[in-house]
Every structure is written in structure tokens, then in C-alpha cells.
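S.K.: Here it is, the structure in full.
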Amino acid sequence: MELRQLEYFVAVVEEGSFTRAAERVHVAQPGVSAQIRRLERELGHDLLDRSGRAVTLTDVGAAVLPLARAALGSVESARRTVEELAGLVRGTVRVGMVVSCGIMDLPELLSAFHAAHPGVEITLAEANSDELIESLVDGRLDLALVGYAGDTPAGLTVRVLADEPLVAAVSSSDPWCGRDSVTLDELLERGLISLPVGTGLRGALDAACGPRRPRIAFEASAPPMVITLAQRGLGPAILAESMVSGLHAVRITDPVPWSRLALAWRSEGPHSPAARALIALAEKRVTANP
């Protein structure tokens, strides 16, 4: 008994025709008929009734059909298992992260993944959140650490790591150093220090400002430089509350700009075995360290 004989038998039953079954399995009709005849001779019973206009099952064929489907299903499961294991041996994962983010130790996560799956090639890229989100949606990245404001980006699943307000961080020489809060209207009167357009923090600031535009006096590509410029007394730095170091954090009100940092991946679409394993490990670590 051969697997192809069972495959042809199931195809004929499901298609109700030798001709359509032959088209389905990409074999000439005489070849399908011959293989099923051999199967019937080996079993010692007819499986199909060919006497009518349509091909139907005999009683023996009806009994054999679920067993044939189960056998083919087991073979497909074995094939998928082998492919999964092969993917974890020879696969590739592509990971992205926002520039200079200290909320999650992404290199540590990748190190743990590499220890578990040493054959998987890992690529890591830094970029602004807008670029990372676009790369996730397009399939150029498998997993990314991104910042965003408002609703979850379309087409992505996220696990939020930080959900916090933005503040105006000022030096000890700044006029706001003695204040606990400022309104957004007051903020818009100052020249600000900010990350560039495309970052999650800048997106949160722009979203809070609505049609009004903040006056950006200095723009830096990474939070450490934003902090350094503010420490030099060059103006309020717009940062997430957890980023403030060596500065006085002033709350922003009416409204409060709010930003999220999250691990993100495509909600749908192809995920390689290696990518699925990395996402599962990332979710496990986020759950274990809320």
C-alpha cells in the first residue's frame, strides 16, 4: 500500500470523478485509475462503485475512507514538524528597535533566543518608530520595539511595555525648574528640544498639539542627546517620564501627551518557524516581567 494510492482514492471520493481527481493531483486519469485498482487488489475488495454515472463508495470504501484521511493527515503533520525543526535550524529573524531605548533589554532577549536556537541568523536594525512599523507591516521585519501614540497601529499585534505621559524636562537654570506642571498652551510658547518626526515621542507630542505645531528649537536623533541639550539650558526637552535623568520633570496638562512603547509584530501574514519562536519567547518574557 502506497501513500499516493490513498491520496488518489481520497481525491476521487472528494471530487466525485476520476477526471477531476486526476486534475487535482496532476496525474493522467489512467494513472489514477490504475493506482486505485492496485490498492483494491491489495485489500481484496472494491472501494469504489463505478457502475453508475457518478463514482460512489462501496461499504468497504466507506470504512477505509476515514482511515485513509487519517494516514494522509499524519504524514502532513510529520512534514510540518520537520519543516518547523528545519526552520529553527536554518531560519532567519529580522528585528528592529527604536534608537537608544532602555525600557527593555532587547539584546538580552536576542541572546537568550540565540542560545536556544544557535542556527538561526538574527539581524538587528535601529530606526524611527514610523519606519519600523512600516517594515513590520510590509514583512521586512518579524519583531520590533516601537513607540506610538493613540491606537494600536493597523495590522499589528502589540505587547505594551510602557504607557506613560510625556514631560517637559528642564535644567536647574530654566524658568520652569520650580514648577510642577505647565499647560500645553504654555509649552507651545517655548522653543522645545525633541526627537524627530517619525518617533513615538514626537508623534505623541504632535497628536496632543492637534492642528497647532510645536516650535522645535533643537532636534536630536536619540534621547541622550535630547537630555544633554536640555542640561545645557537650551530649553525644555520633551521626554517620556521614565527617561528623565539629571533634569527636573515638569508635567504637561490640558491635554496630557501620552506615549506607548511596545513589542510589535504582524497580526496576520506569513511567520517563519524562527520568527514564531522568537515572538513566543518575547511574549513569555513580557508576561514574566510585567
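Within each chain, counting starts at residue 1; across the C-alpha cells, chains are named A, B, ... in the order shown, with ligands numbered 1 upward in that order.
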Which residues come within 12 Å of Ala34 of chain A, counting only C-alpha atoms, excluding same-chain residues fewer than 4 positions away, as a list of chain:residue names?
M.R.: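 Everything that qualifies: A:Arg4, A:Gln5, A:Tyr8, A:Phe9, A:Phe18, A:Ala22, A:Val27, A:Ala28, A:Gln29, A:Pro30, A:Arg38, A:Leu39, A:Glu40, A:Arg41.
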S.K.: Selection from above, N, CA, C and O atoms, as a short mmCIF file (atom, residue, chain, number, x, y, z; two decimals), in the first residue's frame, can you write it?
M.R.:
```
data_model
loop_
_atom_site.label_atom_id
_atom_site.label_comp_id
_atom_site.auth_asym_id
_atom_site.auth_seq_id
_atom_site.Cartn_x
_atom_site.Cartn_y
_atom_site.Cartn_z
N ARG A 4 0.47 7.42 -2.14
CA ARG A 4 -0.15 8.05 -3.31
C ARG A 4 -1.46 7.35 -3.68
O ARG A 4 -2.39 7.98 -4.18
N GLN A 5 -1.54 6.04 -3.42
CA GLN A 5 -2.79 5.33 -3.70
C GLN A 5 -3.90 5.85 -2.79
O GLN A 5 -5.03 6.06 -3.24
N TYR A 8 -4.91 9.34 -4.05
CA TYR A 8 -5.77 9.29 -5.23
C TYR A 8 -7.17 8.84 -4.86
O TYR A 8 -8.17 9.37 -5.37
N PHE A 9 -7.27 7.86 -3.97
CA PHE A 9 -8.57 7.36 -3.52
C PHE A 9 -9.38 8.48 -2.87
O PHE A 9 -10.55 8.70 -3.21
N PHE A 18 -13.12 10.61 -11.52
CA PHE A 18 -11.72 10.29 -11.79
C PHE A 18 -11.05 11.43 -12.55
O PHE A 18 -9.88 11.74 -12.32
N ALA A 22 -7.91 13.46 -11.13
CA ALA A 22 -6.64 13.48 -11.86
C ALA A 22 -6.12 14.90 -12.02
O ALA A 22 -4.92 15.17 -11.89
N VAL A 27 -2.04 14.20 -12.27
CA VAL A 27 -1.66 12.91 -12.84
C VAL A 27 -2.69 12.57 -13.91
O VAL A 27 -3.87 12.90 -13.78
N ALA A 28 -2.26 11.89 -14.98
CA ALA A 28 -3.21 11.48 -16.03
C ALA A 28 -4.26 10.54 -15.44
O ALA A 28 -3.96 9.73 -14.54
N GLN A 29 -5.48 10.61 -15.95
CA GLN A 29 -6.58 9.82 -15.40
C GLN A 29 -6.28 8.32 -15.38
O GLN A 29 -6.58 7.64 -14.38
N PRO A 30 -5.69 7.75 -16.44
CA PRO A 30 -5.39 6.30 -16.38
C PRO A 30 -4.46 5.94 -15.23
O PRO A 30 -4.57 4.86 -14.64
N ARG A 38 -4.88 -1.11 -8.04
CA ARG A 38 -3.85 -1.86 -7.31
C ARG A 38 -4.16 -1.88 -5.81
O ARG A 38 -3.96 -2.88 -5.13
N LEU A 39 -4.62 -0.75 -5.29
CA LEU A 39 -4.99 -0.68 -3.88
C LEU A 39 -6.14 -1.64 -3.58
O LEU A 39 -6.11 -2.36 -2.57
N GLU A 40 -7.12 -1.67 -4.47
CA GLU A 40 -8.26 -2.57 -4.26
C GLU A 40 -7.84 -4.04 -4.32
O GLU A 40 -8.31 -4.86 -3.52
N ARG A 41 -6.92 -4.37 -5.24
CA ARG A 41 -6.45 -5.75 -5.32
C ARG A 41 -5.69 -6.13 -4.04
O ARG A 41 -5.83 -7.25 -3.54
#
```
S.K.: Within 7 Å of Ala125 of chain A, counting only C-alpha atoms, which residues qualify if same-chain residues fewer than 4 places away don't, as a PDB file with N, CA, C and O atoms, in the first residue's frame?
M.R.:
```
ATOM      1  N   VAL A  95      14.830  41.803  13.283  1.00  0.00           N
ATOM      2  CA  VAL A  95      14.337  42.523  14.450  1.00  0.00           C
ATOM      3  C   VAL A  95      14.702  44.004  14.319  1.00  0.00           C
ATOM      4  O   VAL A  95      15.777  44.350  13.828  1.00  0.00           O
ATOM      5  N   GLY A  96      13.792  44.860  14.778  1.00  0.00           N
ATOM      6  CA  GLY A  96      14.056  46.292  14.769  1.00  0.00           C
ATOM      7  C   GLY A  96      13.808  46.897  16.142  1.00  0.00           C
ATOM      8  O   GLY A  96      13.054  46.348  16.949  1.00  0.00           O
ATOM      9  N   MET A  97      14.426  48.027  16.402  1.00  0.00           N
ATOM     10  CA  MET A  97      14.204  48.707  17.677  1.00  0.00           C
ATOM     11  C   MET A  97      14.369  50.207  17.511  1.00  0.00           C
ATOM     12  O   MET A  97      15.128  50.663  16.653  1.00  0.00           O
TER      13      MET A  97
END
```
S.K.: Within 6 Å of segment 243-254 of chain A, counting only C-alpha atoms, which residues qualify if same-chain residues fewer than 5 places away don't, as a ChimeraX atom specification?
M.R.: /A:167-171,180-184
S.K.: Leaving out Asn128 of chain A and any residue of its chain fewer than 5 positions from it, which residues lie within 7 Å of it when counting only C-alpha atoms, given as an MDAnalysis selection string?
M.R.: chainID A and resid 98:99 198:199
S.K.: Could you please take those selected residues and save N, CA and C atoms as a PDB file, in the first residue's frame?
M.R.:
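Below you can see result.pdb, which holds the result:
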```pdb
ATOM      1  N   VAL A  98      13.623  50.953  18.322  1.00  0.00           N
ATOM      2  CA  VAL A  98      13.782  52.399  18.326  1.00  0.00           C
ATOM      3  C   VAL A  98      15.155  52.737  18.873  1.00  0.00           C
ATOM      4  N   VAL A  99      15.665  53.870  18.448  1.00  0.00           N
ATOM      5  CA  VAL A  99      17.027  54.260  18.808  1.00  0.00           C
ATOM      6  C   VAL A  99      17.129  54.521  20.311  1.00  0.00           C
ATOM      7  N   GLY A 198       8.477  61.009  13.225  1.00  0.00           N
ATOM      8  CA  GLY A 198       8.605  59.579  12.953  1.00  0.00           C
ATOM      9  C   GLY A 198       8.880  58.768  14.190  1.00  0.00           C
ATOM     10  N   THR A 199       9.274  59.441  15.285  1.00  0.00           N
ATOM     11  CA  THR A 199       9.476  58.738  16.547  1.00  0.00           C
ATOM     12  C   THR A 199       8.175  58.735  17.334  1.00  0.00           C
TER      13      THR A 199
END
```
S.K.: Would you return as an MDAnalysis selection string the members of segment 103-262 of chain A that DSSP assigns to strand (DSSP E) on this structure's backbone?
M.R.: chainID A and resid 121:127 143:148 156:170 181:183 192:194 216:219 237:240 248:253 258:262
S.K.: Quick one: residues within 10 Å of segment 66-70 of chain A, only C-alpha atoms, excluding same-chain residues fewer than 5 positions away - as a ChimeraX atom specification?
M.R.: /A:3,5-7,9-10,61,75-76
S.K.: Please produce a file of the residues just selected, as a PDB file, in the first residue's frame, where the atoms kept are N, CA, C and O atoms.
M.R.:
```pdb
ATOM      1  N   LEU A   3       1.225   5.633  -0.162  1.00  0.00           N
ATOM      2  CA  LEU A   3       0.519   6.856   0.212  1.00  0.00           C
ATOM      3  C   LEU A   3      -0.175   7.500  -0.984  1.00  0.00           C
ATOM      4  O   LEU A   3      -1.276   8.043  -0.859  1.00  0.00           O
ATOM      5  N   GLN A   5      -1.538   6.038  -3.423  1.00  0.00           N
ATOM      6  CA  GLN A   5      -2.789   5.328  -3.698  1.00  0.00           C
ATOM      7  C   GLN A   5      -3.901   5.851  -2.792  1.00  0.00           C
ATOM      8  O   GLN A   5      -5.033   6.057  -3.237  1.00  0.00           O
ATOM      9  N   LEU A   6      -3.577   6.068  -1.511  1.00  0.00           N
ATOM     10  CA  LEU A   6      -4.562   6.632  -0.589  1.00  0.00           C
ATOM     11  C   LEU A   6      -4.929   8.058  -0.993  1.00  0.00           C
ATOM     12  O   LEU A   6      -6.106   8.459  -0.914  1.00  0.00           O
ATOM     13  N   GLU A   7      -3.939   8.826  -1.433  1.00  0.00           N
ATOM     14  CA  GLU A   7      -4.199  10.198  -1.868  1.00  0.00           C
ATOM     15  C   GLU A   7      -5.150  10.210  -3.070  1.00  0.00           C
ATOM     16  O   GLU A   7      -6.104  10.998  -3.112  1.00  0.00           O
ATOM     17  N   PHE A   9      -7.266   7.857  -3.973  1.00  0.00           N
ATOM     18  CA  PHE A   9      -8.568   7.356  -3.518  1.00  0.00           C
ATOM     19  C   PHE A   9      -9.376   8.484  -2.867  1.00  0.00           C
ATOM     20  O   PHE A   9     -10.550   8.695  -3.206  1.00  0.00           O
ATOM     21  N   VAL A  10      -8.775   9.217  -1.950  1.00  0.00           N
ATOM     22  CA  VAL A  10      -9.466  10.322  -1.278  1.00  0.00           C
ATOM     23  C   VAL A  10      -9.848  11.400  -2.288  1.00  0.00           C
ATOM     24  O   VAL A  10     -10.956  11.965  -2.227  1.00  0.00           O
ATOM     25  N   GLY A  61     -15.271   0.745   1.038  1.00  0.00           N
ATOM     26  CA  GLY A  61     -14.657   2.048   0.772  1.00  0.00           C
ATOM     27  C   GLY A  61     -15.024   3.071   1.831  1.00  0.00           C
ATOM     28  O   GLY A  61     -14.179   3.874   2.260  1.00  0.00           O
ATOM     29  N   VAL A  75       0.870  12.044   7.865  1.00  0.00           N
ATOM     30  CA  VAL A  75       2.035  12.335   7.028  1.00  0.00           C
ATOM     31  C   VAL A  75       2.230  13.850   6.896  1.00  0.00           C
ATOM     32  O   VAL A  75       3.357  14.357   6.979  1.00  0.00           O
ATOM     33  N   GLU A  76       1.133  14.584   6.725  1.00  0.00           N
ATOM     34  CA  GLU A  76       1.229  16.038   6.612  1.00  0.00           C
ATOM     35  C   GLU A  76       1.726  16.642   7.925  1.00  0.00           C
ATOM     36  O   GLU A  76       2.536  17.577   7.911  1.00  0.00           O
TER      37      GLU A  76
END
```
S.K.: Give the helix (DSSP H, G or I) residues of segment 41-198 of chain A, as assigned by DSSP on the backbone, as a PyMOL selection string.
M.R.: chain A and resi 41-43+59-90+106-116+129-138+184-187
S.K.: Counting only C-alpha atoms, which of A:Leu261, A:Val120, A:Val197, A:Ala280 gets nearest to Pro165 of chain A?
M.R.: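 Residue with the minimum atom-to-atom distance to Pro165 of chain A: A:Leu261.
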S.K.: Give me, as JSON lines, the closest atom pair and its distance (Å, one decimal) for every residue of segment 84-155 of chain A within a cut-off of 9 Å of segment 204-220 of chain A, counting only C-alpha atoms, rows sorted by chain and rising number.
M.R.:
```
{"residue": "A:Tyr148", "atom": "CA", "partner": "A:Ala204", "partner_atom": "CA", "distance": 7.0}
{"residue": "A:Ala149", "atom": "CA", "partner": "A:Ala204", "partner_atom": "CA", "distance": 4.9}
{"residue": "A:Gly150", "atom": "CA", "partner": "A:Ala204", "partner_atom": "CA", "distance": 7.7}
```
S.K.: I need the residues from that last selection saved to file as an mmCIF file, in the first residue's frame (with N, CA and C atoms), if you can.
M.R.:
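Written file, part_37.cif:
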```cif
data_model
loop_
_atom_site.group_PDB
_atom_site.id
_atom_site.type_symbol
_atom_site.label_atom_id
_atom_site.label_comp_id
_atom_site.auth_asym_id
_atom_site.auth_seq_id
_atom_site.Cartn_x
_atom_site.Cartn_y
_atom_site.Cartn_z
ATOM 1 N N TYR A 148 4.589 54.566 19.968
ATOM 2 C CA TYR A 148 3.464 55.113 19.212
ATOM 3 C C TYR A 148 2.525 55.835 20.158
ATOM 4 N N ALA A 149 1.676 56.673 19.594
ATOM 5 C CA ALA A 149 0.651 57.385 20.357
ATOM 6 C C ALA A 149 -0.717 56.955 19.836
ATOM 7 N N GLY A 150 -1.705 56.930 20.713
ATOM 8 C CA GLY A 150 -3.065 56.616 20.279
ATOM 9 C C GLY A 150 -3.296 55.132 20.128
#
```
S.K.: Rank nothing, just name the residue among A:Arg37, A:Arg159, A:His26, A:His45 nearest to Ala264 of chain A, using only C-alpha atoms.
M.R.: A:Arg159
S.K.: May I ask which of the residues A:Leu234, A:Ala21, A:Leu57, A:Val137 is the closest one to Ser173 of chain A, counting only C-alpha atoms?
M.R.: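 Comparing A:Leu234, A:Ala21, A:Leu57, A:Val137 against Ser173 of chain A, the winner is A:Leu234.
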S.K.: Measure the distance from atom CA of Leu161 of chain A to atom CA of Leu145 of chain A in Å and round it to one decimal.
M.R.: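 Distance between the two atoms: 9.3 Å.
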S.K.: Under the rule that only C-alpha atoms are counted, which of A:Gly191, A:Met1, A:Thr58, A:Leu106 is the nearest residue to Ala71 of chain A?
M.R.: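 Looking only at the distances to Ala71 of chain A, the closest residue turns out to be A:Met1.
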S.K.: For Glu241 of chain A, which residue out of A:Leu124, A:Ala222, A:Leu278, A:Leu166 is the nearest one, using only C-alpha atoms?
M.R.: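 Of all the options, A:Leu166 lies closest to Glu241 of chain A.
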S.K.: In Å, how far is it from atom CA of Ser17 of chain A to atom CA of Val55 of chain A?
M.R.: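 Computed distance, atom CA of Ser17 of chain A to atom CA of Val55 of chain A, equals 6.1 Å.
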